[in-house]
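**Student:** Structure in structure tokens, see below.
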Amino acid sequence: MDIQIQSIHFDADRKLISFIEEKVGKLTHFYDGIIRSEIFLRLDKSDSSTNKVAEIKLNVPGTDLYVKRQCRTFEEAIDTGIDAISRQVKKHKEKLRGK
């Protein structure tokens, strides 16, 4: 699986990038047909403390899976996003088996 990480209007440090690559790489345990993943990280301009936004997009055969999370830290946003998108991956795999 090809993993692309884009941080918008800031530079993500190596620790954050390796954290994301590790978490996203584990999605292949659920379904090995994932072609590519795109992760977008950006800071929201709101005054609240939950201004870190992570968007995860997976290209799988037949469709794209997408999730967006806004949290206090990028790590938290990625964690909750991975949980949500892993459920989508499992559902997609079950649909393929049902055909």
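Lettering and numbering for the structure tokens are positional, with chains as A, B, ... in the shown order, residues counted from 1 in each chain, and ligands counted from 1 in the shown order.
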Write out as a tab-separated table (two decimals) with C-alpha atoms, in the first residue's frame which residues come within 12 Å of stretch 87-95 of chain A when counting only C-alpha atoms, dropping same-chain ones fewer than 6 positions away.

**Tutor:**
```
chain	number	residue	atom	x	y	z
A	24	VAL	CA	-2.22	3.18	8.61
A	26	LYS	CA	-1.95	-1.93	10.24
A	27	LEU	CA	-5.09	-1.52	8.10
A	28	THR	CA	-3.72	-4.16	5.73
A	29	HIS	CA	-4.38	-6.73	8.48
A	30	PHE	CA	-8.10	-6.21	7.89
A	31	TYR	CA	-7.98	-6.07	4.08
A	32	ASP	CA	-4.93	-6.45	1.87
A	33	GLY	CA	-6.65	-4.96	-1.19
A	34	ILE	CA	-6.02	-1.37	-0.13
A	56	ILE	CA	-7.90	9.75	5.94
A	57	LYS	CA	-8.80	8.56	2.45
A	58	LEU	CA	-8.30	4.95	1.33
A	59	ASN	CA	-8.43	3.82	-2.28
A	60	VAL	CA	-9.83	0.29	-2.42
A	61	PRO	CA	-11.04	-1.52	-5.54
A	62	GLY	CA	-14.51	-0.26	-6.42
A	63	THR	CA	-14.72	2.71	-4.05
A	64	ASP	CA	-12.94	5.19	-1.80
A	65	LEU	CA	-13.29	5.17	1.98
A	66	TYR	CA	-13.03	8.47	3.84
A	67	VAL	CA	-13.02	9.72	7.42
A	80	THR	CA	-10.03	7.80	16.27
A	81	GLY	CA	-9.93	8.08	12.48
```

**Student:** When DSSP is applied to the backbone of this structure, which of chain A are assigned strand (DSSP E)? Write them out as a ChimeraX atom specification.

**Tutor:** /A:2-8,36-43,52-60,63-71

**Student:** Would you list the contacts of stretch 10-19 of chain A as a list in words, taking every protein, DNA or RNA residue within 8 Å and counting only C-alpha atoms, but skipping same-chain residues closer than 6 positions in sequence?

**Tutor:** Arg42, Phe74 and Glu75 of chain A

**Student:** Only C-alpha atoms, please: the residues just picked out, written as a tab-separated table (two decimals), in the first residue's frame.

**Tutor:**
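Listing of part-v3.tsv after writing:
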```tsv
chain	number	residue	atom	x	y	z
A	42	ARG	CA	-4.19	20.66	8.97
A	74	PHE	CA	-2.99	14.86	15.61
A	75	GLU	CA	-2.23	11.52	17.29
```

**Student:** Determine the nearest neighbour of A:Ile39 from the options A:Gln6, A:Cys71, A:Glu22, A:Asn51, counting only C-alpha atoms.

**Tutor:**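 Closest to A:Ile39, using only C-alpha atoms: A:Gln6.
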
**Student:** Quick one: DSSP helix (DSSP H, G or I) residues in chain A, as an MDAnalysis selection string?

**Tutor:** chainID A and resid 14:29 74:98

**Student:** Taking N, CA and C atoms for each residue, export the selection above as a tab-separated table (two decimals), in the first residue's frame.

**Tutor:**
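Result went into result.tsv, see below:
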```tsv
chain	number	residue	atom	x	y	z
A	14	ARG	N	9.08	14.15	12.11
A	14	ARG	CA	9.34	12.75	11.75
A	14	ARG	C	8.59	11.78	12.68
A	15	LYS	N	8.50	12.14	13.95
A	15	LYS	CA	7.81	11.28	14.93
A	15	LYS	C	6.33	11.11	14.56
A	16	LEU	N	5.67	12.20	14.18
A	16	LEU	CA	4.27	12.16	13.80
A	16	LEU	C	4.09	11.35	12.51
A	17	ILE	N	4.97	11.54	11.56
A	17	ILE	CA	4.87	10.82	10.29
A	17	ILE	C	5.05	9.32	10.50
A	18	SER	N	6.01	8.92	11.32
A	18	SER	CA	6.22	7.49	11.56
A	18	SER	C	5.04	6.89	12.33
A	19	PHE	N	4.44	7.67	13.26
A	19	PHE	CA	3.25	7.23	13.98
A	19	PHE	C	2.11	6.95	13.01
A	20	ILE	N	1.89	7.85	12.07
A	20	ILE	CA	0.82	7.71	11.09
A	20	ILE	C	1.08	6.50	10.18
A	21	GLU	N	2.31	6.37	9.71
A	21	GLU	CA	2.64	5.24	8.83
A	21	GLU	C	2.42	3.91	9.53
A	22	GLU	N	2.75	3.84	10.82
A	22	GLU	CA	2.55	2.61	11.58
A	22	GLU	C	1.06	2.28	11.70
A	23	LYS	N	0.26	3.29	12.08
A	23	LYS	CA	-1.18	3.07	12.27
A	23	LYS	C	-1.87	2.71	10.96
A	24	VAL	N	-1.57	3.43	9.90
A	24	VAL	CA	-2.22	3.18	8.61
A	24	VAL	C	-1.76	1.84	8.03
A	25	GLY	N	-0.50	1.49	8.26
A	25	GLY	CA	0.02	0.21	7.78
A	25	GLY	C	-0.71	-0.98	8.37
A	26	LYS	N	-1.23	-0.83	9.58
A	26	LYS	CA	-1.95	-1.93	10.24
A	26	LYS	C	-3.30	-2.21	9.59
A	27	LEU	N	-3.80	-1.29	8.77
A	27	LEU	CA	-5.09	-1.52	8.10
A	27	LEU	C	-5.03	-2.69	7.13
A	28	THR	N	-3.84	-3.03	6.65
A	28	THR	CA	-3.72	-4.16	5.73
A	28	THR	C	-4.00	-5.48	6.42
A	29	HIS	N	-4.01	-5.51	7.76
A	29	HIS	CA	-4.38	-6.73	8.48
A	29	HIS	C	-5.86	-7.06	8.27
A	74	PHE	N	-2.93	15.63	16.85
A	74	PHE	CA	-2.99	14.86	15.61
A	74	PHE	C	-2.99	13.36	15.90
A	75	GLU	N	-2.27	12.95	16.93
A	75	GLU	CA	-2.23	11.52	17.29
A	75	GLU	C	-3.62	11.02	17.67
A	76	GLU	N	-4.34	11.82	18.45
A	76	GLU	CA	-5.70	11.44	18.86
A	76	GLU	C	-6.63	11.41	17.64
A	77	ALA	N	-6.48	12.38	16.75
A	77	ALA	CA	-7.31	12.42	15.55
A	77	ALA	C	-7.04	11.22	14.66
A	78	ILE	N	-5.77	10.84	14.53
A	78	ILE	CA	-5.41	9.67	13.72
A	78	ILE	C	-5.95	8.39	14.37
A	79	ASP	N	-5.80	8.26	15.69
A	79	ASP	CA	-6.29	7.07	16.39
A	79	ASP	C	-7.79	6.87	16.18
A	80	THR	N	-8.57	7.92	16.42
A	80	THR	CA	-10.03	7.80	16.27
A	80	THR	C	-10.41	7.61	14.80
A	81	GLY	N	-9.67	8.24	13.91
A	81	GLY	CA	-9.93	8.08	12.48
A	81	GLY	C	-9.63	6.67	12.00
A	82	ILE	N	-8.55	6.08	12.49
A	82	ILE	CA	-8.19	4.71	12.11
A	82	ILE	C	-9.24	3.73	12.63
A	83	ASP	N	-9.73	3.96	13.85
A	83	ASP	CA	-10.80	3.10	14.38
A	83	ASP	C	-12.03	3.14	13.47
A	84	ALA	N	-12.41	4.35	13.05
A	84	ALA	CA	-13.61	4.50	12.21
A	84	ALA	C	-13.39	3.90	10.83
A	85	ILE	N	-12.24	4.15	10.24
A	85	ILE	CA	-12.03	3.67	8.87
A	85	ILE	C	-11.79	2.16	8.84
A	86	SER	N	-11.29	1.60	9.95
A	86	SER	CA	-11.12	0.14	9.99
A	86	SER	C	-12.49	-0.56	9.96
A	87	ARG	N	-13.49	0.06	10.61
A	87	ARG	CA	-14.84	-0.49	10.53
A	87	ARG	C	-15.37	-0.42	9.09
A	88	GLN	N	-15.07	0.67	8.39
A	88	GLN	CA	-15.49	0.80	7.00
A	88	GLN	C	-14.80	-0.25	6.13
A	89	VAL	N	-13.52	-0.50	6.40
A	89	VAL	CA	-12.76	-1.50	5.63
A	89	VAL	C	-13.36	-2.88	5.85
A	90	LYS	N	-13.70	-3.20	7.09
A	90	LYS	CA	-14.31	-4.50	7.39
A	90	LYS	C	-15.65	-4.66	6.69
A	91	LYS	N	-16.48	-3.59	6.70
A	91	LYS	CA	-17.77	-3.64	6.01
A	91	LYS	C	-17.58	-3.84	4.51
A	92	HIS	N	-16.61	-3.14	3.94
A	92	HIS	CA	-16.35	-3.25	2.51
A	92	HIS	C	-15.91	-4.67	2.17
A	93	LYS	N	-15.08	-5.26	3.00
A	93	LYS	CA	-14.62	-6.63	2.77
A	93	LYS	C	-15.78	-7.61	2.84
A	94	GLU	N	-16.67	-7.40	3.79
A	94	GLU	CA	-17.85	-8.28	3.92
A	94	GLU	C	-18.77	-8.15	2.70
A	95	LYS	N	-18.91	-6.94	2.17
A	95	LYS	CA	-19.73	-6.75	0.97
A	95	LYS	C	-19.14	-7.52	-0.20
A	96	LEU	N	-17.81	-7.50	-0.32
A	96	LEU	CA	-17.16	-8.22	-1.41
A	96	LEU	C	-17.35	-9.71	-1.28
A	97	ARG	N	-17.32	-10.22	-0.07
A	97	ARG	CA	-17.53	-11.66	0.16
A	97	ARG	C	-18.96	-12.07	-0.16
A	98	GLY	N	-19.90	-11.15	0.09
A	98	GLY	CA	-21.31	-11.46	-0.12
A	98	GLY	C	-21.71	-11.56	-1.58
```

**Student:** What separation in Å, quoted to one decimal, exists between atom CA of A:Ser37 and atom CA of A:Thr73?

**Tutor:**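 It comes out at 20.4 Å.
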
**Student:** Would you pick out the contacts of A:Leu43 at 8 Å or less, using only C-alpha atoms, so that residues sharing its chain but fewer than 6 positions from it are not included, and give the list as a PyMOL selection string?

**Tutor:** chain A and resi 8-9+51-53
